[in-house]
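Below is one structure, written out as structure tokens; the observations come after it.
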Amino acid sequence: MRRYCITDSLDVACRAAAGGVEMIQIRAKELPGRALWELVRAAVKLAGPRILVNTRTDIALACGAQGVHLPGGSISPRAVRKITPSGFLIGVSCHSVVDLRSAESDGADFAVFGPVFVSPTKTVTPIGLDALRQATASVRMPVYALGGVNAANAQSCIDAGAAGIAGISLFTG
């Protein structure tokens, strides 16, 4: 099962890397540019996982990160692709089949989709496993399940067609 850790903490990133996660998204919206650059540089030094930066393609490129994660409504993956090297990963947050199809046609490499379950970090109504199943069947790109995913329900996300699981609290416990 592929795992995608979302964090603003180098300690969490280190634990996730040691635990064998495949990708880590550095999502530290409140950090000023220089502090974010320092955090990403430190994370990039971790052996193993691919490091992506939330929103900030400039910092991802400056630090040698392997990709960027774009929230919904961001600049298009196609535009980012014009300024990034070959193999640079572009993920997109999606909340509907329409979002997923748009992200895929615009050149995203993968999507994070949810919230699937009640989430401790969001007050949004969960979409459920049936919506996840429909979403994953609607595109060819990998879709990671997000929102309230834990050890008890992770396999049900994979069974619904998710390529992997993503989370914040999933990796802090």
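Lettering and numbering for the structure tokens are positional, with chains as A, B, ... in the shown order, residues counted from 1 in each chain, and ligands counted from 1 in the shown order.
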
Give the alpha helix (DSSP H) residues of region 25-130 of chain A, as DSSP finds them on the backbone, and put them as JSON, numbers by chain.
{"A": [33, 34, 35, 36, 37, 38, 39, 40, 41, 42, 43, 44, 57, 58, 59, 60, 61, 62, 63, 77, 78, 79, 80, 81, 97, 98, 99, 100, 101, 102, 103, 104, 105, 128, 129, 130]}

I'd like the contact shell of region 97-100 of chain A - 9 Å cut-off, only C-alpha atoms, skipping same-chain residues fewer than 3 positions apart - returned as JSON, numbers by chain.
{"A": [72, 92, 93, 94, 103, 104, 105, 111, 113, 131, 134, 135, 136, 138, 139, 141, 143]}

Preceding selection exported with N, CA, C and O atoms as an mmCIF file, in the first residue's frame:
```cif
data_model
loop_
_atom_site.group_PDB
_atom_site.id
_atom_site.type_symbol
_atom_site.label_atom_id
_atom_site.label_comp_id
_atom_site.auth_asym_id
_atom_site.auth_seq_id
_atom_site.Cartn_x
_atom_site.Cartn_y
_atom_site.Cartn_z
ATOM 1 N N GLY A 72 -6.694 22.746 -4.897
ATOM 2 C CA GLY A 72 -7.695 23.076 -5.899
ATOM 3 C C GLY A 72 -7.699 24.570 -6.166
ATOM 4 O O GLY A 72 -7.509 25.378 -5.254
ATOM 5 N N VAL A 92 -2.404 17.038 -7.291
ATOM 6 C CA VAL A 92 -3.485 18.015 -7.179
ATOM 7 C C VAL A 92 -4.519 17.518 -6.168
ATOM 8 O O VAL A 92 -4.864 16.336 -6.159
ATOM 9 N N SER A 93 -5.015 18.433 -5.339
ATOM 10 C CA SER A 93 -6.124 18.115 -4.430
ATOM 11 C C SER A 93 -7.424 18.173 -5.204
ATOM 12 O O SER A 93 -7.680 19.143 -5.920
ATOM 13 N N CYS A 94 -8.237 17.134 -5.059
ATOM 14 C CA CYS A 94 -9.516 17.063 -5.766
ATOM 15 C C CYS A 94 -10.618 16.630 -4.801
ATOM 16 O O CYS A 94 -10.371 15.855 -3.880
ATOM 17 N N ALA A 103 -7.885 17.687 -13.538
ATOM 18 C CA ALA A 103 -6.481 17.555 -13.145
ATOM 19 C C ALA A 103 -5.741 16.598 -14.077
ATOM 20 O O ALA A 103 -4.621 16.875 -14.502
ATOM 21 N N GLU A 104 -6.383 15.479 -14.397
ATOM 22 C CA GLU A 104 -5.753 14.505 -15.290
ATOM 23 C C GLU A 104 -5.546 15.095 -16.684
ATOM 24 O O GLU A 104 -4.452 14.978 -17.253
ATOM 25 N N SER A 105 -6.553 15.745 -17.235
ATOM 26 C CA SER A 105 -6.416 16.301 -18.584
ATOM 27 C C SER A 105 -5.432 17.463 -18.616
ATOM 28 O O SER A 105 -4.871 17.777 -19.652
ATOM 29 N N ALA A 111 -3.568 12.479 -7.917
ATOM 30 C CA ALA A 111 -4.471 13.338 -7.151
ATOM 31 C C ALA A 111 -4.650 12.789 -5.752
ATOM 32 O O ALA A 111 -4.523 11.583 -5.516
ATOM 33 N N PHE A 113 -7.643 12.726 -2.992
ATOM 34 C CA PHE A 113 -9.095 12.856 -3.084
ATOM 35 C C PHE A 113 -9.752 12.617 -1.735
ATOM 36 O O PHE A 113 -9.470 11.629 -1.063
ATOM 37 N N ALA A 131 -18.168 7.176 -3.220
ATOM 38 C CA ALA A 131 -17.668 8.307 -4.007
ATOM 39 C C ALA A 131 -16.208 8.085 -4.388
ATOM 40 O O ALA A 131 -15.798 8.400 -5.510
ATOM 41 N N GLN A 134 -16.176 5.572 -7.292
ATOM 42 C CA GLN A 134 -16.564 6.227 -8.544
ATOM 43 C C GLN A 134 -15.449 7.133 -9.053
ATOM 44 O O GLN A 134 -15.176 7.184 -10.255
ATOM 45 N N ALA A 135 -14.807 7.843 -8.148
ATOM 46 C CA ALA A 135 -13.733 8.766 -8.517
ATOM 47 C C ALA A 135 -12.538 8.031 -9.116
ATOM 48 O O ALA A 135 -12.023 8.417 -10.165
ATOM 49 N N THR A 136 -12.106 6.964 -8.455
ATOM 50 C CA THR A 136 -10.930 6.242 -8.946
ATOM 51 C C THR A 136 -11.205 5.574 -10.288
ATOM 52 O O THR A 136 -10.302 5.450 -11.113
ATOM 53 N N SER A 138 -12.978 6.874 -12.582
ATOM 54 C CA SER A 138 -13.198 7.907 -13.596
ATOM 55 C C SER A 138 -11.918 8.410 -14.263
ATOM 56 O O SER A 138 -11.985 9.146 -15.245
ATOM 57 N N VAL A 139 -10.758 8.043 -13.718
ATOM 58 C CA VAL A 139 -9.476 8.523 -14.256
ATOM 59 C C VAL A 139 -8.466 7.381 -14.299
ATOM 60 O O VAL A 139 -8.632 6.359 -13.643
ATOM 61 N N MET A 141 -5.053 8.196 -13.769
ATOM 62 C CA MET A 141 -3.943 8.564 -12.884
ATOM 63 C C MET A 141 -4.182 8.008 -11.476
ATOM 64 O O MET A 141 -5.333 7.762 -11.091
ATOM 65 N N VAL A 143 -4.905 7.834 -7.633
ATOM 66 C CA VAL A 143 -5.692 8.649 -6.706
ATOM 67 C C VAL A 143 -5.407 8.147 -5.296
ATOM 68 O O VAL A 143 -5.546 6.952 -5.021
#
```

Nearest to His69 (chain A), restricted to only C-alpha atoms and choosing among A:Thr172, A:Ser119, A:Gln25, A:Ser156, comes out as A:Gln25

Go through region 106-159 of chain A residue by residue and, counting only C-alpha atoms, keep those with an atom at most 12 Å from region 53-68 of chain A; for each kept residue give the shortest atom pair and its distance in Å to one decimal, ordered by chain and increasing number, as CSV.
```
residue,atom,partner,partner_atom,distance
A:Ala108,CA,A:Val68,CA,10.2
A:Asp109,CA,A:Gly67,CA,9.9
A:Phe110,CA,A:Val68,CA,10.9
A:Ala111,CA,A:Val68,CA,11.5
```

Quick one: pick out all strand (DSSP E) residues within chain A from a backbone DSSP run and write them as a PyMOL selection string.
chain A and resi 2-7+23-26+50-54+67-70+89-94+110-113+143-145+164-167

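Picture a line from CA of Leu132 (chain A) to CA of Val116 (chain A); it runs 6.9 Å.
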
Using only C-alpha atoms, which residues sit within 7 Å of region 43-46 of chain A once same-chain residues fewer than 5 positions away are excluded, as a PyMOL selection string?
chain A and resi 10+13-14+17+51+65

What does the distance between CA of Cys157 (chain A) and CA of Asp130 (chain A) come to in Å, to one decimal place?
9.8 Å

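Compared by their closest atoms to Val149 (chain A), and using only C-alpha atoms, the residues A:Val124, A:Ile75, A:Ala166, A:Leu129 rank with A:Ala166 nearest.
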
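For Ala35 (chain A), the list of residues within 12 Å, based on only C-alpha atoms and with local chain neighbours fewer than 5 positions off taken out, reads Asp8, Ser9, Leu10, Ile26, Ala28, Lys29, Glu30, Val40, Arg41, Ala42 and Ile59 of chain A.
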
Restricting the output to C-alpha atoms, write the selected residues as an mmCIF file, in the first residue's frame.
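selection_2.cif, freshly written:
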```
data_model
loop_
_atom_site.group_PDB
_atom_site.id
_atom_site.type_symbol
_atom_site.label_atom_id
_atom_site.label_comp_id
_atom_site.auth_asym_id
_atom_site.auth_seq_id
_atom_site.Cartn_x
_atom_site.Cartn_y
_atom_site.Cartn_z
ATOM 1 C CA ASP A 8 4.803 20.710 8.423
ATOM 2 C CA SER A 9 7.241 18.938 10.755
ATOM 3 C CA LEU A 10 10.717 17.640 10.007
ATOM 4 C CA ILE A 26 5.776 19.579 3.081
ATOM 5 C CA ALA A 28 3.633 24.592 6.060
ATOM 6 C CA LYS A 29 1.395 27.415 4.890
ATOM 7 C CA GLU A 30 2.251 29.702 7.785
ATOM 8 C CA VAL A 40 12.282 21.588 2.565
ATOM 9 C CA ARG A 41 16.071 21.468 2.195
ATOM 10 C CA ALA A 42 16.295 19.375 5.367
ATOM 11 C CA ILE A 59 10.905 26.471 -3.320
#
```

One residue among A:Leu89, A:Val80, A:Ala162, A:Ala151 is nearest to Gly114 (chain A) when using only C-alpha atoms, and that residue is A:Ala162

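We find CA of Gly48 (chain A) and CA of Val12 (chain A) to be spaced 14.4 Å apart.
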
For Val21 (chain A): contacts at 10 Å, only C-alpha atoms, fewer than 2 positions along chain excluded, given as a CSV table (one decimal) with N, CA and C atoms, in the first residue's frame:
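Okay, out-v5.csv is ready:
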```csv
chain,number,residue,atom,x,y,z
A,1,MET,N,0.8,-1.2,0.0
A,1,MET,CA,0.0,0.0,0.0
A,1,MET,C,0.9,1.2,0.0
A,2,ARG,N,0.7,2.1,-1.0
A,2,ARG,CA,1.5,3.3,-1.1
A,2,ARG,C,1.0,4.4,-0.1
A,3,ARG,N,1.9,5.1,0.6
A,3,ARG,CA,1.5,6.0,1.6
A,3,ARG,C,2.1,7.4,1.3
A,4,TYR,N,1.3,8.4,1.5
A,4,TYR,CA,1.7,9.8,1.2
A,4,TYR,C,1.4,10.7,2.5
A,5,CYS,N,2.5,11.1,3.1
A,5,CYS,CA,2.5,11.8,4.4
A,5,CYS,C,2.4,13.3,4.1
A,13,ALA,N,8.3,14.0,9.2
A,13,ALA,CA,8.9,13.6,8.0
A,13,ALA,C,10.0,12.6,8.2
A,15,ARG,N,10.2,10.4,10.7
A,15,ARG,CA,9.6,9.2,11.1
A,15,ARG,C,8.9,8.5,10.0
A,16,ALA,N,8.2,9.3,9.1
A,16,ALA,CA,7.5,8.7,8.0
A,16,ALA,C,8.5,8.1,7.0
A,17,ALA,N,9.7,8.8,6.8
A,17,ALA,CA,10.7,8.3,5.9
A,17,ALA,C,11.3,7.0,6.5
A,18,ALA,N,11.5,6.9,7.8
A,18,ALA,CA,12.0,5.7,8.4
A,18,ALA,C,11.0,4.6,8.3
A,19,GLY,N,9.7,5.0,8.3
A,19,GLY,CA,8.6,4.0,8.2
A,19,GLY,C,8.3,3.5,6.7
A,23,MET,N,6.0,9.1,-0.4
A,23,MET,CA,6.0,10.5,-0.7
A,23,MET,C,5.7,11.3,0.6
A,24,ILE,N,6.4,12.4,0.7
A,24,ILE,CA,6.1,13.4,1.8
A,24,ILE,C,5.8,14.7,1.2
A,48,GLY,N,15.1,8.1,0.7
A,48,GLY,CA,14.0,7.3,0.4
A,48,GLY,C,12.8,8.0,-0.2
A,49,PRO,N,12.0,8.7,0.6
A,49,PRO,CA,10.7,9.2,0.0
A,49,PRO,C,11.0,10.4,-1.0
A,50,ARG,N,10.0,10.5,-1.9
A,50,ARG,CA,10.0,11.7,-2.7
A,50,ARG,C,9.4,12.9,-1.9
A,166,ALA,N,-3.3,8.9,2.0
A,166,ALA,CA,-2.7,10.1,2.3
A,166,ALA,C,-3.2,10.6,3.6
A,171,PHE,N,0.1,10.0,10.2
A,171,PHE,CA,1.5,9.8,10.4
A,171,PHE,C,2.0,10.5,11.6
```

Identify, on the basis of only C-alpha atoms, every residue whose closest approach to region 76-78 of chain A does not exceed 7 Å; exclude the query and any residue fewer than 2 positions from it along the same chain; express the result as a list of chain:residue names.
A:Ser74, A:Val80, A:Arg81, A:Lys82, A:Ile90, A:Asp106, A:Gly107, A:Ala108
